[in-house]
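Q: Can you read through this structure? Questions will come right after.
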Amino acid sequence: MVTADESHDGAALPYRCPANLGEPPQFPVLRQGPGIDRLPTSTGDSAWLVTSHDGVRTMCGDPRVGKSHADPPRAPRLWDAALMEPQSGHADEFAVHSRWRHTLSRHFSSRRVAQLRPHMEEVLGRIVTDRLAEGPPMDVRTGLAQPFAATVVCDLLGLPHALRPALVAWSDTARAHGMAREAAARRGALRRRIDRVLDDVRAEARGSAADDTLVRDLALARPGAHRLAREEWADAVLDVFLAGYDTISTRIVHGTAYLLDHPEQLRALTGDPALIPGAVEEIFRLAVPGGSWIPRYARSDIPLPHATVAAGDLIVLSFQSANRDERVFPEAERFDIRRHPNPHIAFGHGTFYCLGAALARLELSLYLAALARFPGLGTASPGQEHVLAEATVTGGLEHLLTTWDTDGSV
């Protein structure tokens with residue numbers, strides 16, 4: 001087992017991802033060992049890094065592992081960023097989480113997501129039409145991925161589009177290294193603005209039955225034992241935006257980069273919509289911007305065969321590594337939209353399984369279908385390495401410039 005005093009090749013967590021969209025070189029080495037190793041972090045603390053598919057899946061479902069810490073100010077950290085801060089409320093963490101899911105789950109059910117499909121197709125159709133009218137080159141990140149993801153989540157929440165710039169700016173700050181204080185200030189300002197939106201909805205108490213948004217649901221719901229309290233509403237809205245915006249927009253960009261790097265698979269995909277579901281799963285398996293470092297904390301001691309994870313220790317789950325585990329995925333480094341089976345755990349497992357998994361799958365599916373409107377889609381900078389967004393803890397690409405055959409665009 002590697003210890004914090006024997007840092008693997010001298011690098012601290014989180015490891016840097018290579019520009020070729022591969023995984024950090026440390027991961028294959030670590031997976032050959034026990035799959036959980038104690039290593040130093042960028043903050044000078046230490047963490048138990050879990051790299052194997054079985055290890056990550058097991059930790060996700062272990063009730064001794066949570067998001068909170070008994071003493072948040074003194075908790076070990078992976079990175080100095082607001083998104084990586086431990087939760088408070090250690091004693092009742094799982095009860096609060098249960099109420100949170102009970103309140104929000106209806107808005108992310110398969111039925112609700114299916115109802116959103118026509119509107120999402122319309123939103124994406126308008127964005128694509130605008131980009132086609134402007135012509136190449138197009139930055140997939142700012143031209144397609146970000147406006148699509150931000151609009152979808154704002155509409156799901158029922159927030160005014162005027163709030164979108166401030167929400168995006170806060171999301172970017174929350175993911176930035178060394179910006180935790182500014183992120184907290186922006187979150188506070190947004191909470192006050194969202195509280196006013198909730199108050200307005202409650203006061204007006206109008207809207208058609210079709211106006212089935214989270215904001216309206218929160219504002220007009222009767223209090224109950226399984227509902228979020230009034231003071232939690234704005235935080236719930238912000239947490240949904242934080243999870244639903246950058247997560248899908250960065251994967252759209254990364255997934256497009258994989259397809260551009262494998263033009264034969266891109267041609268097959270745009271020519272055969274039946275390949276879209278498999279492409280969606282393969283993109284979620286491999287397109288893990290920044291490595292998807294998930295911080296968790298041990299709620300009690302967890303004995304291992306050769307050591308013990310002590311209560312309060314930081315546990316870092318690497319979904320990127322787990323989804324490239326050669327024992328589960330043959331030729332794990334190979335991007336293959338026809339891969340089957342594909343038991344990736346991109347959305348987690350157990351208690352904290354991603355509530356928005358169905359929505360994310362639909363967003364990516366619609367986006368991949370829309371690529372057929374860009375005939376001959378290709379990179380505008382052949383041979384150039386991808387530029388990584390290294391200032392944010394969720395990674396991604398700084399830009400992805402593309403071009404296409406303008407004679408045949410529709």
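In the structure tokens, chains take letters A, B, ... by order of appearance, with residues numbered from 1 within each chain and ligands from 1 in the order shown.
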Out of range 233-377 of chain A, which residues get helix (DSSP H, G or I) from DSSP, as a PyMOL selection string?
A: chain A and resi 233-261+263-271+273-286+289-291+319-322+350-352+357-373
Q: When you look at range 104-112 of chain A with a cut-off of 10 Å (counting only C-alpha atoms), what residues show up, excluding the ones that are within fewer than 4 positions of it in the same chain? I need them as an MDAnalysis selection string.
A: chainID A and resid 99:100 116:117 156:157 212:214 217:218 227:228 236:237 240 354:360 362
Q: Mind dumping the selected residues with N, CA and C atoms as a short mmCIF file (atom, residue, chain, number, x, y, z; two decimals), in the first residue's frame?
A:
data_model
loop_
_atom_site.label_atom_id
_atom_site.label_comp_id
_atom_site.auth_asym_id
_atom_site.auth_seq_id
_atom_site.Cartn_x
_atom_site.Cartn_y
_atom_site.Cartn_z
N ARG A 99 -34.76 13.59 2.99
CA ARG A 99 -35.77 14.63 2.76
C ARG A 99 -35.51 15.36 1.45
N TRP A 100 -34.26 15.64 1.18
CA TRP A 100 -33.86 16.33 -0.05
C TRP A 100 -34.30 15.53 -1.27
N LEU A 116 -40.36 16.55 -20.54
CA LEU A 116 -39.50 17.69 -20.87
C LEU A 116 -38.89 17.58 -22.27
N ARG A 117 -38.92 16.39 -22.85
CA ARG A 117 -38.21 16.15 -24.10
C ARG A 117 -38.58 17.14 -25.22
N LEU A 156 -36.08 23.71 -15.97
CA LEU A 156 -36.52 22.68 -15.05
C LEU A 156 -36.80 23.27 -13.66
N LEU A 157 -35.93 24.17 -13.25
CA LEU A 157 -36.08 24.79 -11.94
C LEU A 157 -37.22 25.81 -11.92
N ASP A 212 -44.98 22.99 -14.11
CA ASP A 212 -44.55 22.02 -13.11
C ASP A 212 -43.06 22.15 -12.88
N THR A 213 -42.66 23.23 -12.21
CA THR A 213 -41.24 23.48 -11.98
C THR A 213 -40.92 23.29 -10.51
N LEU A 214 -39.65 23.13 -10.22
CA LEU A 214 -39.23 22.93 -8.84
C LEU A 214 -39.52 24.16 -7.98
N ASP A 217 -43.14 24.20 -7.14
CA ASP A 217 -43.43 23.09 -6.23
C ASP A 217 -43.02 23.45 -4.81
N LEU A 218 -41.84 24.04 -4.65
CA LEU A 218 -41.36 24.43 -3.33
C LEU A 218 -42.21 25.55 -2.75
N ARG A 227 -40.74 17.14 3.83
CA ARG A 227 -40.46 18.23 2.92
C ARG A 227 -39.26 19.02 3.42
N LEU A 228 -38.60 19.72 2.49
CA LEU A 228 -37.54 20.63 2.90
C LEU A 228 -38.15 21.83 3.61
N ALA A 236 -31.57 24.24 -2.10
CA ALA A 236 -31.91 23.11 -2.96
C ALA A 236 -31.87 23.52 -4.43
N VAL A 237 -32.41 24.68 -4.74
CA VAL A 237 -32.41 25.18 -6.12
C VAL A 237 -30.97 25.37 -6.61
N VAL A 240 -29.17 22.02 -7.25
CA VAL A 240 -29.59 21.39 -8.50
C VAL A 240 -28.92 22.06 -9.68
N CYS A 354 -26.77 9.64 -8.60
CA CYS A 354 -27.16 10.91 -9.21
C CYS A 354 -28.65 10.98 -9.50
N LEU A 355 -29.30 11.97 -8.91
CA LEU A 355 -30.74 12.15 -9.09
C LEU A 355 -31.08 12.52 -10.53
N GLY A 356 -30.15 13.19 -11.21
CA GLY A 356 -30.42 13.67 -12.55
C GLY A 356 -29.90 12.78 -13.67
N ALA A 357 -29.68 11.50 -13.38
CA ALA A 357 -29.10 10.61 -14.39
C ALA A 357 -29.97 10.52 -15.65
N ALA A 358 -31.28 10.37 -15.48
CA ALA A 358 -32.17 10.26 -16.65
C ALA A 358 -32.15 11.54 -17.47
N LEU A 359 -32.14 12.69 -16.79
CA LEU A 359 -32.09 13.97 -17.49
C LEU A 359 -30.78 14.12 -18.24
N ALA A 360 -29.67 13.77 -17.61
CA ALA A 360 -28.36 13.89 -18.26
C ALA A 360 -28.28 12.99 -19.50
N LEU A 362 -30.77 12.02 -21.38
CA LEU A 362 -31.60 12.59 -22.43
C LEU A 362 -30.91 13.79 -23.08
#
Q: For range 199-300 of chain A versus range 59-83 of chain A, which residues have an atom no more than 9 Å away, and what is each residue's nearest atom pair and distance in Å rounded to one decimal, using only C-alpha atoms, chain-then-number order, as a tab-separated table?
A:
residue	atom	partner	partner_atom	distance
A:Trp293	CA	A:Leu78	CA	8.6
A:Pro295	CA	A:Leu78	CA	7.1
A:Arg296	CA	A:Lys67	CA	4.9
A:Tyr297	CA	A:Gly66	CA	5.4
A:Ala298	CA	A:Val65	CA	4.7
A:Arg299	CA	A:Arg64	CA	5.0
A:Ser300	CA	A:Arg64	CA	5.8
Q: Select, from A:Glu231, A:Glu85, A:Glu121, A:Asp405, the residue with the minimum atom-to-atom distance to Phe374 in chain A, counting only C-alpha atoms.
A: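 For Phe374 in chain A, the nearest of the candidates is A:Asp405.
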Q: Between A:Val393, A:Ala176, A:Ala221, A:Ile36, which has the minimum distance to Pro14 in chain A (counting only C-alpha atoms)?
A: A:Val393
Q: Give me, as a ChimeraX atom specification, all polymer residues having an atom no more than 12 Å from Ala95 in chain A, counting only C-alpha atoms and skipping those fewer than 2 positions away in the same chain.
A: /A:66,89-93,97-102,225-228,351
